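Novice: One structure, as C-alpha cells, below. Some questions next.
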Amino acid sequence: MKRRYIFILILLSLLVITTTIIFLVNLGDNTKYKYPSGKDTVEYFGDGTFQIYRGGPHDPLILYNHLADPPENTVDNIVSYKIKKNIVYVVGEKSFIKLDSSTNTYEQKKPISDFTSKDREIFNKLMEK
C-alpha cells in the first residue's frame, strides 16, 4: 500500500513538473507578427515588416522591407545599426535610415546633414564602430 502512494506521488510530481515546463515555454512573447522571422533573420522590428537578414557567413547584413512593391532591399551592406526604443538607426554603405518600428515608416537619406542634429550624433557614433 505504501508503494502505491509513493508511486502516485511520483507520477503527480512528474505531471506538475511537465505542466510547469510547458507553461514556461509558452509564456514567451505572444506577439503576432505579420511577417515571421526566418533562419537568417538577425533582428525584426514592429510587426516584422522590417527585418535585418544575414546573407551568409561572408555576406553583409541587409535591411529588408516587406512593404516595398515589389519587395526590395531598403539598404544593402549595413555597416551598423542601433535600436533606441521604437526607433532604429541604420548606417548603410550608401545611405542612412531612421526607422520607426511602431508605425512601420522610415526616412532614408544619403547626406547625413538632412537629419536633425540629435539623429546625426547617433549616426556619427554608429559610423565610429
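So you can find residues: chains in the C-alpha cells are A, B, ... in the order shown, residues in each start at 1, and ligands are numbered from 1 in order.
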Which residues come within 9 Å of Leu67 in chain A, counting only C-alpha atoms, excluding same-chain residues fewer than 6 positions away, as a list of chain:residue names?

Specialist: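 In the requested format, the answer is A:Thr49, A:Phe50, A:Asn104.
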
Novice: With N, CA, C and O atoms kept, could you save the residues just selected as a compact mmCIF listing (two decimals), in the first residue's frame?

Specialist:
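Written output follows (again_31.txt):
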# COMPACT_ATOMS: atom_id res chain seq x y z
N THR A 49 7.65 43.78 -40.34
CA THR A 49 7.69 44.37 -41.67
C THR A 49 9.12 44.64 -42.10
O THR A 49 9.51 44.40 -43.24
N PHE A 50 9.93 45.13 -41.17
CA PHE A 50 11.35 45.38 -41.45
C PHE A 50 12.17 44.35 -40.69
O PHE A 50 11.97 44.15 -39.50
N ASN A 104 5.92 51.54 -38.77
CA ASN A 104 6.46 50.93 -39.99
C ASN A 104 6.77 51.98 -41.06
O ASN A 104 6.49 51.79 -42.24

Novice: Which residues are close to Glu107 in chain A, i.e. within 9 Å by only C-alpha atoms, leaving aside same-chain residues fewer than 6 positions away? Reply as an mmCIF file with all heavy atoms, in the first residue's frame.

Specialist:
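See selection-v2.cif below for the written result:
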data_model
loop_
_atom_site.group_PDB
_atom_site.id
_atom_site.type_symbol
_atom_site.label_atom_id
_atom_site.label_comp_id
_atom_site.auth_asym_id
_atom_site.auth_seq_id
_atom_site.Cartn_x
_atom_site.Cartn_y
_atom_site.Cartn_z
ATOM 1 N N PHE A 96 21.645 56.541 -45.004
ATOM 2 C CA PHE A 96 21.293 56.442 -43.600
ATOM 3 C C PHE A 96 19.781 56.253 -43.509
ATOM 4 O O PHE A 96 19.037 56.843 -44.284
ATOM 5 C CB PHE A 96 21.686 57.719 -42.852
ATOM 6 C CG PHE A 96 23.149 58.026 -42.951
ATOM 7 C CD1 PHE A 96 23.632 58.841 -43.963
ATOM 8 C CD2 PHE A 96 24.043 57.500 -42.043
ATOM 9 C CE1 PHE A 96 24.976 59.126 -44.068
ATOM 10 C CE2 PHE A 96 25.396 57.769 -42.141
ATOM 11 C CZ PHE A 96 25.857 58.584 -43.155
ATOM 12 N N ILE A 97 19.357 55.441 -42.550
ATOM 13 C CA ILE A 97 17.923 55.195 -42.375
ATOM 14 C C ILE A 97 17.549 55.386 -40.925
ATOM 15 O O ILE A 97 18.238 54.903 -40.017
ATOM 16 C CB ILE A 97 17.525 53.777 -42.806
ATOM 17 C CG1 ILE A 97 17.535 53.667 -44.320
ATOM 18 C CG2 ILE A 97 16.151 53.408 -42.288
ATOM 19 C CD1 ILE A 97 16.998 52.388 -44.852
ATOM 20 N N LYS A 98 16.445 56.083 -40.723
ATOM 21 C CA LYS A 98 15.829 56.206 -39.408
ATOM 22 C C LYS A 98 14.472 55.528 -39.531
ATOM 23 O O LYS A 98 13.591 55.998 -40.244
ATOM 24 C CB LYS A 98 15.679 57.676 -39.016
ATOM 25 C CG LYS A 98 15.061 57.863 -37.655
ATOM 26 C CD LYS A 98 14.922 59.342 -37.336
ATOM 27 C CE LYS A 98 14.191 59.547 -36.029
ATOM 28 N NZ LYS A 98 13.971 60.980 -35.757
ATOM 29 N N LEU A 99 14.310 54.410 -38.846
ATOM 30 C CA LEU A 99 13.131 53.561 -38.968
ATOM 31 C C LEU A 99 12.302 53.638 -37.694
ATOM 32 O O LEU A 99 12.835 53.487 -36.598
ATOM 33 C CB LEU A 99 13.587 52.123 -39.216
ATOM 34 C CG LEU A 99 12.591 50.989 -39.081
ATOM 35 C CD1 LEU A 99 11.563 51.065 -40.193
ATOM 36 C CD2 LEU A 99 13.314 49.659 -39.125
ATOM 37 N N ASP A 100 11.015 53.911 -37.822
ATOM 38 C CA ASP A 100 10.093 53.917 -36.687
ATOM 39 C C ASP A 100 9.310 52.606 -36.730
ATOM 40 O O ASP A 100 8.415 52.440 -37.553
ATOM 41 C CB ASP A 100 9.155 55.116 -36.750
ATOM 42 C CG ASP A 100 8.272 55.252 -35.527
ATOM 43 O OD1 ASP A 100 8.149 54.267 -34.758
ATOM 44 O OD2 ASP A 100 7.693 56.326 -35.329
#

Novice: Which parts of chain A does DSSP call strand (DSSP E) when run on the backbone here, written out as JSON, numbers by chain?

Specialist: {"A": [41, 42, 43, 44, 45, 50, 51, 52, 53, 54, 61, 62, 63, 64, 65, 72, 73, 74, 75, 76, 77, 78, 79, 80, 81, 82, 83, 84, 87, 88, 89, 90, 91, 92, 96, 97, 98, 99, 100, 105, 106, 107, 108, 109]}

Novice: Write out as a PyMOL selection string the set of residues from range 46-121 of chain A that DSSP, computed on the backbone, places in helix (DSSP H, G or I).

Specialist: chain A and resi 112-114+117-121

Novice: Would you list the contacts of Glu93 in chain A as number ranges by chain, taking every protein, DNA or RNA residue within 10 Å and counting only C-alpha atoms, but skipping same-chain residues closer than 2 positions in sequence?

Specialist: A: 75-80, 90-91, 95-96, 110

Novice: Report as a list in words all protein, DNA and RNA residues lying within 12 Å of Lys125 in chain A, evaluated on only C-alpha atoms, omitting residues in the same chain fewer than 3 positions from it.

Specialist: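 Counting only the stated atoms, we get Val79, Ser80, Tyr81, Lys82, Tyr89, Val90, Val91, Lys118, Asp119, Arg120, Glu121, Ile122, Glu128 and Lys129 of chain A.
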
Novice: What is the CA of Asp47 in chain A-CA of Leu63 in chain A distance in Å, reported with one decimal?

Specialist: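 Calculated distance between CA of Asp47 in chain A and CA of Leu63 in chain A is 14.5 Å.
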
Novice: Just how far from CA of His66 in chain A is CA of Ser102 in chain A, in Å to one decimal?

Specialist: 14.9 Å

Novice: Write out as number ranges by chain each polymer residue whose atoms come within 12 Å of Asn65 in chain A, counting only C-alpha atoms; drop sequence neighbours fewer than 3 positions from it.

Specialist: A: 35, 44-53, 62, 68-76, 99, 101, 104-106
